[in-house]
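Colleague: This is the structure I have questions about; it appears just below.
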Amino acid sequence: MTAFKQNVSALSNSRLAGEASPHLLRHAEDPVDWLPWGEEAFEIARRTNKVIFLSIGSYACRPCRVMSGECFKDTRAAWMLNENMICVMVDREERPDLDRIFQSAVQAGGQPAGCPLSVFMTPKGKPFMVCTRIPRDSVQGREGMIDLIPRIARMWKERPDEIHILTGKITHMIKQRHALKPGIPLDEDVFDRAYADFAYNFEPVSGGFGDPPRYPTPHNLLFLLDYFDRTGRGAALIMSERALTRMRMAGIYDQLGFGFHRVNPENKDLSHDFDKMLVDQAMFATAYTAAYEITERDFYKQVAVEILDYALRELLSPENAFYSAQSGESEDGYGRYYLWTEHELKDLLTTEEFELAGRMFGIRTEGNSLNANFAPVSGANILHLQQTYEDAAREMDLKVNDLKTAIEKIRIKMLGARNQRSKPVMDEKILCNQNALMIMALCRAFKAFGNPVYLEQAQKSAACILGSLQARKGELLHCLRGVREPIPGFLDDYSFMVRALIELYEVSGDKEYLKKALKLNRTMLDIFKVKRDMGLYICREGYGAAGTRPIVVRDESLPSGISMALHNLVYLGRTPRNKHLFKMAGDMCRTFSRDVSTQPVEHTWFLAGMQKVLDHQLVTGRRSPLLSMF
């Protein structure tokens with residue numbers, strides 16, 4: 001036991017201490033002897049002939065914190081890892097290429113992807129086991145870290161051939177998952193099939209899709225809104241409006257300070273994570289703005305403005321770019337900043353206010369949080385609207401505006417009290433692709449609502465990103481802050497930023513933005529284009545892992561970089577002397593037609609780009625031979 005204690009205590013000076021990533025720094029004092037991703041880790045693994053354990057996570061991720069507490073801060077589990085493995089930690093936002101590659105291995109194995117990722121690799125970096133969170137102890141047939149580590153170590157020592165067989169299988173699955181497949185003829189009914197899939201899985205009570213409350217990703221709502229706008233099918237609008245209304249009422253929306261929390265993997269509203277991600281604010285603000293543009297309902301405008309107000313107030317950096325996330329963690333415990341007990345509200349509000357707040361926000365004496373095991377206070381309540389203002393006012397025989405005024409008075413009082421609490425910590429990374437999404441959201445909001453603040457901030461943020469993230473050759477960097485060494489831009493950085501520049505040109509009329517968009521698009525094609533095909537890698541040559549340079553067209557929590565690039569090619573291909581870009585857009589449609597046709601609901605942003613190709617063909621009256629599949 002003495003040797004065990006010495007082994008752990010000797011590792012107090014972690015090699016993560018020199019990193020800038022908040023996620024890596026959080027683990028700098030772990031008893032695990034972490035190394036950052038790089039050649040040093042692989043050299044040590046080869047020299048010592050030890051298996052590599054790779055953990056990929058993120059700062060604003062509760063499951064990552066859970067696994068950290070169970071395994072990485074536990075002295076016994078740490079000792080086992082240090083004795084048997086070379087341990088490497090990666091911030092998924094710094095290296096999205098690694099995350100995408102190993103997430104695809106989990107999905108190819110029939111398991112749901114998620115965060116954190118746990119990857120076991122040979123000293124040469126070949127994966128033989130990939131999974132998500134691992135508990136400390138084995139439970140209910142799920143092997144825990146304490147049992148798993150020695151089993152893997154024995155297997156590597158005694159039966160390495162079996163591990164090499166596994167590496168071959170997993171590497172093959174990864175490569176197959178990211179390989180380009182031959183295109184197939186694609187009918188225009190692919191749009192109808194995507195719509196029908198949403199309609200079939202729609203759950204009207206929660207406004208979600210599938211098991212309630214499976215809230216939709218914003219780009220799926222944007223697809224449905226656009227589908228209604230083109231076809232007039234009212235069900236598409238009904239689904240979108242129901243989802244947007246229920247999400248604003250739900251606990252995942254901060255009822256006091258505004259903005260969306262992250263939905264947790266269990267998709268239970270009152271057990272959600274409390275982290276607020278920049279990308280969620282940008283995409284949801286865009287979705288609510290789009291709903292306002294179609295319906296002209298003030299409700300959607302109000303929510304979009306609330307979200308943007310939150311982002312401008314809390315996420316904006318002194319450099320005029322946006323931080324990547326506000327964690328749910330504070331000095332008082334995870335989520336405590338947002339939770340309320342009945343006792344706290346009785347002390348703060350008048351009797352009349354308390355009764356109204358309790359009715360509207362679902363306050364219970366025993367608490368309503370379904371995450372009672374994680375709540376830092378007993379009787380914890382997550383604020384959520386149990387009824388619409390219209391329904392509540394009708395039941396209470398009040399005018400809707402009077403009810404809203406009363407709730408607003410309560411909100412301001414509660415927000416003032418909440419501001420006295422220890423504030424959640426910030427993930428101060430500034431990422432190019434995420435800021436580009438916020439610039440797009442601000443531009444669309446300016447176009448819809450006319451608030452000049454939105455355009456001014458979009459221009460300032462674009463100047464910051466372009467000024468600080470461009471290397472000497474005019475190439476983008478991925479991170480502005482929160483990284484030790486420069487990381488070259490990924491496909492998402494380029495395609496999202498090109499789109500942001502297009503949006504700025506559209507709302508400002510400044511042709512410099514269009515020139516910059518064209519130039520950056522050329523650079524993107526030079527770096528990421530697949531030879532002989534109109535595909536795009538997500539990372540540049542020399543990046544990736546497992547012998548794979550991924551190609552990802554499927555939209556996930558965000559539109560894929562390829563989907564956004566398709567939109568850009570269609571737009572830029574209409575400008576003088578750039579018709580070749582529109583031809584590329586047609587080639588891209590053909591390249592990915594098999595993926596889109598097989599699972600249209602998972603490629604909604606790409607479908608929206610394809611629709612723009614078709615719309616342009618109809619306007620010109622000509623169909624390109626390259627688009628004969630249509």
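So you can find residues: chains in the structure tokens are A, B, ... in the order shown, residues in each start at 1, and ligands are numbered from 1 in order.
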Determine which residues of segment 476-536 of chain A DSSP labels as strand (DSSP E or B) from the backbone of this structure, then write them out as a VMD selection string.
Modeller: chain A and resid 476 to 477 479 to 481 488 529 536
Colleague: Please, could you write that set of residues out with N, CA and C atoms as an mmCIF file, in the first residue's frame?
Modeller:
data_model
loop_
_atom_site.group_PDB
_atom_site.id
_atom_site.type_symbol
_atom_site.label_atom_id
_atom_site.label_comp_id
_atom_site.auth_asym_id
_atom_site.auth_seq_id
_atom_site.Cartn_x
_atom_site.Cartn_y
_atom_site.Cartn_z
ATOM 1 N N LEU A 476 -7.177 30.387 -41.475
ATOM 2 C CA LEU A 476 -7.809 30.536 -40.170
ATOM 3 C C LEU A 476 -7.161 29.634 -39.136
ATOM 4 N N LEU A 477 -7.175 30.091 -37.905
ATOM 5 C CA LEU A 477 -6.841 29.255 -36.769
ATOM 6 C C LEU A 477 -8.146 28.854 -36.081
ATOM 7 N N CYS A 479 -8.615 28.320 -32.658
ATOM 8 C CA CYS A 479 -8.816 28.946 -31.343
ATOM 9 C C CYS A 479 -8.104 30.290 -31.265
ATOM 10 N N LEU A 480 -8.768 31.249 -30.630
ATOM 11 C CA LEU A 480 -8.153 32.539 -30.345
ATOM 12 C C LEU A 480 -7.631 32.573 -28.917
ATOM 13 N N ARG A 481 -8.348 31.932 -28.005
ATOM 14 C CA ARG A 481 -7.974 31.923 -26.601
ATOM 15 C C ARG A 481 -8.270 30.546 -26.020
ATOM 16 N N PRO A 488 -4.522 24.784 -36.406
ATOM 17 C CA PRO A 488 -5.059 25.238 -37.696
ATOM 18 C C PRO A 488 -6.559 25.028 -37.785
ATOM 19 N N LYS A 529 -10.417 19.958 -49.931
ATOM 20 C CA LYS A 529 -11.112 19.244 -51.010
ATOM 21 C C LYS A 529 -10.493 17.875 -51.261
ATOM 22 N N LEU A 536 -15.245 17.010 -48.943
ATOM 23 C CA LEU A 536 -14.355 17.854 -48.142
ATOM 24 C C LEU A 536 -14.007 17.119 -46.853
#
Colleague: Any idea what's packed within 6 Å of Ser330 of chain A, counting only C-alpha atoms, ignoring anything in its chain fewer than 5 positions away? Could you give it as a list in words?
Modeller: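 The neighbour list is Lys423, Pro424 and Val425 of chain A.
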Colleague: So the first atom is atom CA of Thr388 of chain A and the second is atom CA of Glu344 of chain A; what is the distance between them in Å, to one decimal place?
Modeller: 24.7 Å
Colleague: Nearest residue to Ser378 of chain A out of A:Phe354, A:Leu339, A:Val51, A:Gly257, using only C-alpha atoms?
Modeller: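 Ranking A:Phe354, A:Leu339, A:Val51, A:Gly257 by distance to Ser378 of chain A, first place goes to A:Leu339.
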Colleague: Could you name the residues that touch Tyr334 of chain A at 7 Å or less, counting only C-alpha atoms, but leaving out those on the same chain fewer than 5 positions away, as a ChimeraX atom specification?
Modeller: /A:328-329,376
